Amino acid sequence: MDFSFSEEERIFQENLREFLSKELRPMMRRIDSEGIPHEFVKKAASLGIWAMPVSQDVGGQRASFVLSSIAAEEIARADFSMATAVLFLLESGWGYVLDKYGSKELREEVLPRVTSGDWFLGIASTEPTGGSDVSSIKTGAVKRGKEYVMNGQKIYISGVLEAKEWGGGHLTLAKTKQEVGHKGITMFYVPISMEGVEVTKIENMGRSGISSGIIRYNDARVPERYVVGEENRGFYYAMDGFNHARVLVAAACVGAAEAILDIGLEYIKSREVFSKKLKDFQSIAFEAAELRTKLEMARLLTYKAAWMMDTNPGSEEAPMFAAMSKLVAPQTAFEVVKAVMMWMGAYGYTRDALIEMGFRGVVSYLVGAEGAMNVMRLIISKRLLE
Ligand SMILES: Cc1cc2nc3c(=O)[nH]c(=O)nc-3n(C[C@H](O)[C@H](O)[C@H](O)COP(=O)(O)OP(=O)(O)OC[C@H]3O[C@@H](n4cnc5c(N)ncnc54)[C@H](O)[C@@H]3O)c2cc1C
């Protein structure tokens, strides 16, 4: 057994950390208020760190999920508001799905523009009637000749404005067969600029550097060539995408939590109360020890899940490990950010301290992005008890 990264992975991590500390960290506050600059995305893409798992023939690196997790961790360490990490993992996770299941024609139309950082690619699954039970979606697509007429609504969808501004769209789940639950769902690539597709922005409490919104389909005519893979197999493709994206979420939470813990440790080493440094109070020092330990547990689980995605993604264990990593890492990150905020007292609650951005970002992964916590428990318990 070997717990260390390979030489290639270690060098990649070191170089990426250096690049991001110069190019991304100083922009974190600006990203939180104004959004992610498209130039940054294109620069990252030119260095080969965008939609990394996608195949080389359409501009990707065919990188392993371990390497992609290293990138997600480093990006969130540099921008712990989580916005850039979210964008990174959407492109990686859903780029992977389009690459794996899409036709040659569709891959060649969309993926070179995603891997170059020009276009946005996201996932549109959640609807106003609920996100956890994907099989009960109401959006429908009826085949008419060489196109599908799509009607319905998606909500809380990440990247709606980025897709409008930069180009691109979402892998969209719609029912093509009623009354057969998840077996009647097809995945389509739907460009946001398509006629009959309308977007409204939603204001979130955090992760503000990337937009969220509602997408309405009013008789949108989606060409047949935008069907991803086979008709009525969309649910399975989406679950494959969620399993991979969840590991990247976990890696991002680990990176953000570590950056925040580092800030907290520096603070308790210098702040004096009752004539002693905060670190010299055992209640604080022990809490730091607990958090560091829990963070290491989350990291080990995350990289084990990433390794499983690389070595045996079709195994029955792999989705369970992805769910475990997504269950543990956001909760650990939340514990870290909450504790650091307490260590900092009133300062931690101010915008100067930056911590509040991490707090708002991490919560997005507790409430639901890439699957709610109880859905992770559901996946794990089903596997345990079957
Ligand atoms: C910041 C953010 C970004 C997002 N981006 C996207 C996106 O890009 N694309 C997209 O499609 N969706 C996106 N979502 C939506 C996300 O996928 C959903 O929030 C998630 O799937 C949960 O769905 P819901 O919010 O409708 O909650 P519901 O499904 O209504 O669930 C509500 C609560 O019930 C719990 N619950 C559900 N089922 C069970 C059960 N069987 N047993 C016990 N408890 C249960 C859940 O844990 C949750 O706490 C995003 C969400 C957020 C917060």
# chains A, B, ... in the order shown; residues from 1 in each chain; ligands from 1
call {"tool": "residues_around", "arguments": {"residues": "Ala245 (chain A)", "least_positions_apart": "3", "cutoff": "7 Å", "atoms": "only C-alpha atoms", "output": "ChimeraX atom specification"}}
result
/A:89,93,241-242,248-249
call {"tool": "residues_near_ligand", "arguments": {"ligand": "ligand 1", "cutoff": "8 Å", "atoms": "only C-alpha atoms and all ligand atoms", "output": "ChimeraX atom specification"}}
result
/A:90,122-134,154-159,204,206-207,212,364-375,378
call {"tool": "closest_residue", "arguments": {"among": "A:Gly255, A:Gly167, A:Gly184, A:Gly152", "to": "Asn218 (chain A)", "atoms": "only C-alpha atoms"}}
result
A:Gly152
call {"tool": "atom_distance", "arguments": {"atom1": "CA of Met324 (chain A)", "atom2": "CA of Asp240 (chain A)"}}
result
15.4 Å
call {"tool": "closest_residue", "arguments": {"among": "A:Ser270, A:Gln178, A:Ser92, A:Asn243", "to": "Trp343 (chain A)", "atoms": "only C-alpha atoms"}}
result
A:Ser270
call {"tool": "residues_around", "arguments": {"residues": "Arg360 (chain A)", "least_positions_apart": "2", "cutoff": "10 Å", "atoms": "only C-alpha atoms", "output": "CSV table (one decimal) with N, CA, C and O atoms, in the first residue's frame"}}
result
chain,number,residue,atom,x,y,z
A,80,PHE,N,-11.6,29.8,-1.8
A,80,PHE,CA,-12.4,29.0,-1.0
A,80,PHE,C,-13.9,29.6,-0.9
A,80,PHE,O,-14.7,29.1,-0.1
A,81,SER,N,-14.2,30.6,-1.7
A,81,SER,CA,-15.6,30.9,-1.9
A,81,SER,C,-16.3,29.8,-2.6
A,81,SER,O,-17.5,29.7,-2.7
A,82,MET,N,-15.5,28.9,-3.2
A,82,MET,CA,-16.0,27.7,-3.9
A,82,MET,C,-16.4,27.9,-5.4
A,82,MET,O,-16.6,27.0,-6.1
A,204,ASN,N,-28.4,33.4,-4.6
A,204,ASN,CA,-28.1,32.5,-3.5
A,204,ASN,C,-27.5,33.2,-2.4
A,204,ASN,O,-27.0,34.4,-2.5
A,205,MET,N,-27.3,32.5,-1.2
A,205,MET,CA,-26.7,33.2,-0.1
A,205,MET,C,-25.1,33.2,-0.3
A,205,MET,O,-24.4,34.0,0.4
A,206,GLY,N,-24.6,32.3,-1.1
A,206,GLY,CA,-23.2,32.3,-1.3
A,206,GLY,C,-22.8,31.7,-2.6
A,206,GLY,O,-23.6,31.5,-3.5
A,207,ARG,N,-21.4,31.3,-2.7
A,207,ARG,CA,-20.9,30.8,-3.9
A,207,ARG,C,-21.3,31.7,-5.1
A,207,ARG,O,-21.6,31.2,-6.2
A,208,SER,N,-21.2,33.0,-4.8
A,208,SER,CA,-21.8,34.0,-5.7
A,208,SER,C,-21.1,34.2,-7.0
A,208,SER,O,-21.6,34.9,-7.9
A,334,PHE,N,-17.4,22.3,6.9
A,334,PHE,CA,-18.3,23.2,7.6
A,334,PHE,C,-17.8,23.3,9.1
A,334,PHE,O,-17.8,24.4,9.7
A,337,VAL,N,-14.7,25.6,9.1
A,337,VAL,CA,-15.0,27.0,8.9
A,337,VAL,C,-15.7,27.7,10.1
A,337,VAL,O,-15.5,28.8,10.5
A,355,ILE,N,-13.2,34.7,5.8
A,355,ILE,CA,-13.7,33.4,6.2
A,355,ILE,C,-15.2,33.3,5.8
A,355,ILE,O,-15.7,32.2,5.5
A,356,GLU,N,-15.9,34.4,5.9
A,356,GLU,CA,-17.3,34.3,5.6
A,356,GLU,C,-17.6,33.8,4.2
A,356,GLU,O,-18.6,33.2,4.0
A,357,MET,N,-16.7,34.0,3.3
A,357,MET,CA,-16.9,33.5,1.9
A,357,MET,C,-16.8,32.0,1.9
A,357,MET,O,-17.6,31.4,1.2
A,358,GLY,N,-15.9,31.5,2.7
A,358,GLY,CA,-15.8,30.0,2.8
A,358,GLY,C,-17.0,29.4,3.4
A,358,GLY,O,-17.5,28.4,3.0
A,362,VAL,N,-19.2,26.7,1.4
A,362,VAL,CA,-19.3,25.3,1.9
A,362,VAL,C,-20.7,24.9,2.1
A,362,VAL,O,-21.1,23.7,1.9
A,363,VAL,N,-21.5,25.8,2.6
A,363,VAL,CA,-22.9,25.5,2.9
A,363,VAL,C,-23.7,25.0,1.6
A,363,VAL,O,-24.6,24.2,1.7
A,364,SER,N,-23.3,25.5,0.5
A,364,SER,CA,-23.9,25.1,-0.8
A,364,SER,C,-23.9,23.5,-0.9
A,364,SER,O,-24.8,22.9,-1.5
A,365,TYR,N,-22.7,23.0,-0.4
A,365,TYR,CA,-22.6,21.5,-0.6
A,365,TYR,C,-23.3,20.8,0.6
A,365,TYR,O,-23.4,19.5,0.5
call {"tool": "select_by_dssp", "arguments": {"residues": "region 123-333 of chain A", "states": "alpha helix (DSSP H)", "output": "PyMOL selection string"}}
result
chain A and resi 160-166+234-270+282-311+317-333
call {"tool": "select_by_dssp", "arguments": {"residues": "region 88-255 of chain A", "states": "strand (DSSP E or B)", "output": "PyMOL selection string"}}
result
chain A and resi 120-124+127+130+140-144+147-158+168-175+185-191+197-202+212-223+227
